[in-house]
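A.B. asks: A single structure is presented below for examination.
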Amino acid sequence: MSAEFFAGPTLAIESSCDETSAAVVSGRLVLSNIVASQAKLHEKWGGVVPEAAARAHVEAIIPVVSEALSAASISLQDVKAVAVTNRPGLVGALSVGVTAGLAFAHGLGVPLLGVHHLEGHIVSPWAVGDPPLPHLCLLASGGHTELVLVRDLGSYELVGQTLDDAAGEAFDKAARLLGLGYPGGRAIQDAAIDGDPDRYPLPRGLSGKTSDFSFSGLKTAVRRLVEAEGAALVVRDAAASVQKAIASVLWQRAIETALDHGAKAVTLAGGVAANLMLRTELERQALRHGLEFIPAPIELCTDNAAMIGLAANFRLARGESSGFDLDVLPNAPLP
Ligand code: KG4
Ligand code: ZN
């Protein structure tokens, strides 16, 4: 049976980290999805600076909302609900989106719904299909690396997670050590084209049977590699080796954990889900083991408001909404 989603149109806002985004979503149809990335701003520091992020959100939020409305060919008066990421994330960054969302919902007299950022990622594959239930979601981003057993929309069990760095963080730190750009995931993917992924042996983190991950040893190994090889380092081979080290542990553990929990499918979400090697190999392995594979569309992998609108629309369809005293929660477990 197909899941129920509120018809909308819902105006969705996301500002939990370093992307200011607004989208218009009807049911699960994404009518527009505008993302203003702050990557250029934070590049010089090699990571997100919270105060700078909040200021940039203030500047971008209204233009991004206007663009989302016009790209969807609707006016503000057509909006039937407002969804906004209120947890978890950087407190200043979240506050900008929540304040704007409150003002729009209040001014228009429509329901407001606060959305958990990770639920947005988990629901993003629903934009393209109805993943069978239960399924296992591999959620890998700059801040999180989690294996989530999805029993239904809104019913999640965390069955595995990173014990230290997130997979995206590992990509970003390795890219920095290799002198590639920021954010590092895409930079490593591009540098790895034609590279030899088996040239430099790198650690895979935890050994033995587990659903957890550890990426901190990889960062140390890359630092040692760069120091040991010096000018002789072949960057494309190092990038390919890093990509394989991160992606292979993700796909292997996702498949094993899916099988252990009787999942019917594997879904893939979060910024690292944009990685082409991970998408290709996880699909191959899933099909080999009789599991369906449903990745989030590439444009819904890195942070965006469309996924927030999707998550809001299934909750709005169930009659849920938030009060106008909606709180910003920098830390919050999955709902
Ligand atoms: O979900 P996201 O946009 O933000 C968080 O919620 O963290 O994820 C950002 C992360 C960054 O660490 C970035 O390096 C990684 O996703 N990423 C990638 C790729 N594109 C973005 N990692 C590997 N391959 C990619 N193509
Ligand atoms: Zn995210």
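Starting from 1 in every chain, residues are counted up; chains themselves are A, B, ... following the order of the structure tokens, and ligands are numbered from 1 as listed.
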Which chains and residue numbers are within 8 Å of ligand 1, counting only C-alpha atoms and all ligand atoms, if I want them as JSON, numbers by chain?

C.D. replies: {"A": [16, 17, 18, 19, 117, 118, 121, 140, 141, 142, 143, 144, 166, 167, 168, 169, 170, 171, 172, 182, 183, 184, 185, 186, 187, 188, 189, 243, 269, 270, 271, 272, 273, 274, 275, 276, 301, 302, 303, 304]}

A.B. asks: Can I get the selection written as a tab-separated table (two decimals), in the first residue's frame, with C-alpha atoms?

C.D. replies:
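Dumped everything to out.tsv:
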```tsv
chain	number	residue	atom	x	y	z
A	16	SER	CA	20.68	23.27	10.20
A	17	CYS	CA	24.29	23.46	8.99
A	18	ASP	CA	25.85	25.21	6.00
A	19	GLU	CA	23.16	25.12	3.31
A	117	HIS	CA	16.92	16.66	10.01
A	118	LEU	CA	17.81	12.95	9.96
A	121	HIS	CA	17.36	12.19	5.03
A	140	ALA	CA	25.92	8.74	5.81
A	141	SER	CA	26.60	12.46	5.98
A	142	GLY	CA	29.12	14.96	7.30
A	143	GLY	CA	27.78	14.68	10.84
A	144	HIS	CA	26.23	11.20	10.99
A	166	ALA	CA	31.24	10.36	10.40
A	167	ALA	CA	31.92	8.99	6.90
A	168	GLY	CA	31.61	12.46	5.34
A	169	GLU	CA	33.97	13.85	7.95
A	170	ALA	CA	36.47	11.12	7.02
A	171	PHE	CA	36.19	12.15	3.34
A	172	ASP	CA	36.61	15.83	4.31
A	182	TYR	CA	36.35	21.26	0.62
A	183	PRO	CA	33.84	19.67	0.99
A	184	GLY	CA	36.06	16.67	0.46
A	185	GLY	CA	33.70	13.88	-0.64
A	186	ARG	CA	33.11	15.21	-4.13
A	187	ALA	CA	36.76	16.33	-4.42
A	188	ILE	CA	37.98	12.80	-3.58
A	189	GLN	CA	35.47	11.23	-5.98
A	243	GLN	CA	37.20	6.26	-1.40
A	269	ALA	CA	20.66	8.76	2.06
A	270	GLY	CA	22.78	11.68	3.29
A	271	GLY	CA	25.56	13.67	1.62
A	272	VAL	CA	27.87	10.66	1.21
A	273	ALA	CA	25.05	8.87	-0.65
A	274	ALA	CA	25.97	11.12	-3.60
A	275	ASN	CA	29.15	9.04	-3.96
A	276	LEU	CA	28.96	7.15	-7.24
A	301	CYS	CA	21.46	13.57	-0.86
A	302	THR	CA	23.32	16.64	0.41
A	303	ASP	CA	21.32	18.93	2.69
A	304	ASN	CA	18.17	20.31	1.11
```

A.B. asks: Select from stretch 12-70 of chain A everything DSSP, run on the backbone, classes as helix (DSSP H, G or I), then give the selection as a VMD selection string.

C.D. replies: chain A and resid 39 to 43 50 to 70

A.B. asks: If I take atom CA of A:Ser214 and atom CA of A:Ser155, how far is one from the other in Å, to one decimal?

C.D. replies: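 Straight-line distance from atom CA of A:Ser214 to atom CA of A:Ser155 works out to 26.0 Å.
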
A.B. asks: Could you write out, as a PDB file with C-alpha atoms, in the first residue's frame, all the residues of stretch 88-262 of chain A that DSSP marks as strand (DSSP E)?

C.D. replies:
```
ATOM      1  CA  LEU A 112       3.723  24.656  11.109  1.00  0.00           C
ATOM      2  CA  LEU A 113       5.709  21.460  11.553  1.00  0.00           C
ATOM      3  CA  GLY A 114       9.206  21.118  13.048  1.00  0.00           C
ATOM      4  CA  VAL A 115      11.140  18.306  11.342  1.00  0.00           C
ATOM      5  CA  HIS A 116      14.093  16.207  12.533  1.00  0.00           C
ATOM      6  CA  HIS A 135      14.114  -1.773   5.199  1.00  0.00           C
ATOM      7  CA  LEU A 136      17.555  -0.681   6.266  1.00  0.00           C
ATOM      8  CA  CYS A 137      18.597   2.904   5.622  1.00  0.00           C
ATOM      9  CA  LEU A 138      22.302   3.652   5.350  1.00  0.00           C
ATOM     10  CA  LEU A 139      22.448   7.291   6.338  1.00  0.00           C
ATOM     11  CA  ALA A 140      25.922   8.742   5.808  1.00  0.00           C
ATOM     12  CA  THR A 145      26.848   7.640   9.900  1.00  0.00           C
ATOM     13  CA  GLU A 146      23.982   5.443  10.949  1.00  0.00           C
ATOM     14  CA  LEU A 147      22.222   2.221  10.059  1.00  0.00           C
ATOM     15  CA  VAL A 148      18.522   2.704  10.724  1.00  0.00           C
ATOM     16  CA  LEU A 149      15.947  -0.074  10.580  1.00  0.00           C
ATOM     17  CA  VAL A 150      12.831   1.550   9.129  1.00  0.00           C
ATOM     18  CA  ARG A 151       9.687  -0.366  10.140  1.00  0.00           C
ATOM     19  CA  ASP A 152       7.388   2.343   8.791  1.00  0.00           C
ATOM     20  CA  SER A 155       9.121   4.176  13.120  1.00  0.00           C
ATOM     21  CA  TYR A 156      12.909   3.949  13.260  1.00  0.00           C
ATOM     22  CA  GLU A 157      15.408   1.858  15.191  1.00  0.00           C
ATOM     23  CA  LEU A 158      19.072   2.809  15.284  1.00  0.00           C
ATOM     24  CA  VAL A 159      20.931  -0.496  14.796  1.00  0.00           C
ATOM     25  CA  GLY A 160      24.440   0.760  14.047  1.00  0.00           C
ATOM     26  CA  GLN A 161      26.459   3.967  14.083  1.00  0.00           C
TER      27      GLN A 161
END
```

A.B. asks: From the set A:Glu281, A:Pro111, A:Val65, A:Gly47, which residue has the shortest atom-to-atom contact distance to A:Leu316, counting only C-alpha atoms?

C.D. replies: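 Among A:Glu281, A:Pro111, A:Val65, A:Gly47, it is A:Pro111 that comes nearest to A:Leu316.
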
A.B. asks: Could you tell me which of A:Leu102, A:Ala56, A:Ser73, A:Ala81 comes closest to A:Asp327 if we count only C-alpha atoms?

C.D. replies: A:Leu102

A.B. asks: Which value, in Å to one decimal, gives the distance between atom CA of A:Gly217 and atom CA of A:Ile255?

C.D. replies: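 According to the coordinates, atom CA of A:Gly217 and atom CA of A:Ile255 are separated by 22.7 Å.
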
A.B. asks: Which residues are near A:Gln77? Cut-off 12 Å, only C-alpha atoms, ignore same chain within fewer than 5 positions. Put them as a list in words.

C.D. replies: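 Residues near the query, excluding close chain neighbours: Pro9, Thr10, Leu11, Leu69, Val82, Phe104, Ala105, Gly107, Leu108, Gly109 and Val110 of chain A.
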
A.B. asks: Closest to ligand 2 among A:Leu218, A:Ala228, A:Val328, A:Leu90, using only C-alpha atoms and all ligand atoms?

C.D. replies: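 Once distances to ligand 2 are computed over only C-alpha atoms and all ligand atoms, the minimum belongs to A:Leu90.
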
A.B. asks: Select, from A:Ala3, A:Leu178, A:Leu41, A:Ile122, the residue with the minimum atom-to-atom distance to A:Ala311, counting only C-alpha atoms.

C.D. replies: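 Answer, going by the shortest atom-to-atom distance: A:Ile122.
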
A.B. asks: Go through A:Arg315, A:His289, A:Arg28, A:His57 and flag the residue nearest A:Ala127, using only C-alpha atoms for the distances.

C.D. replies: A:Arg28

A.B. asks: Using only C-alpha atoms and all ligand atoms, which of A:Gly154, A:Ala72, A:Gly120, A:Phe215 sits nearest ligand 2?

C.D. replies: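 Nearest candidate to ligand 2 out of A:Gly154, A:Ala72, A:Gly120, A:Phe215: A:Gly120.
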
A.B. asks: List the neighbours of stretch 202-204 of chain A out to 10 Å using only C-alpha atoms; skip same-chain residues closer than 6 positions along the sequence, and give me the result as a list in words.

C.D. replies: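 What passes the distance filter is Phe213, Ser214, Phe215, Ser216, Gly217, Leu218, Lys219, Thr220, Ala221, Val222, Leu225, Ala238, Ser241, Val242, Lys244, Ala245, Ile246, Ala247, Ser248, Val249 and Leu250 of chain A.
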
A.B. asks: Which value, in Å to one decimal, gives the distance between atom CA of A:Val64 and atom CA of A:Gly46?

C.D. replies: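 Atom CA of A:Gly46 lies at a distance of 24.8 Å from atom CA of A:Val64.
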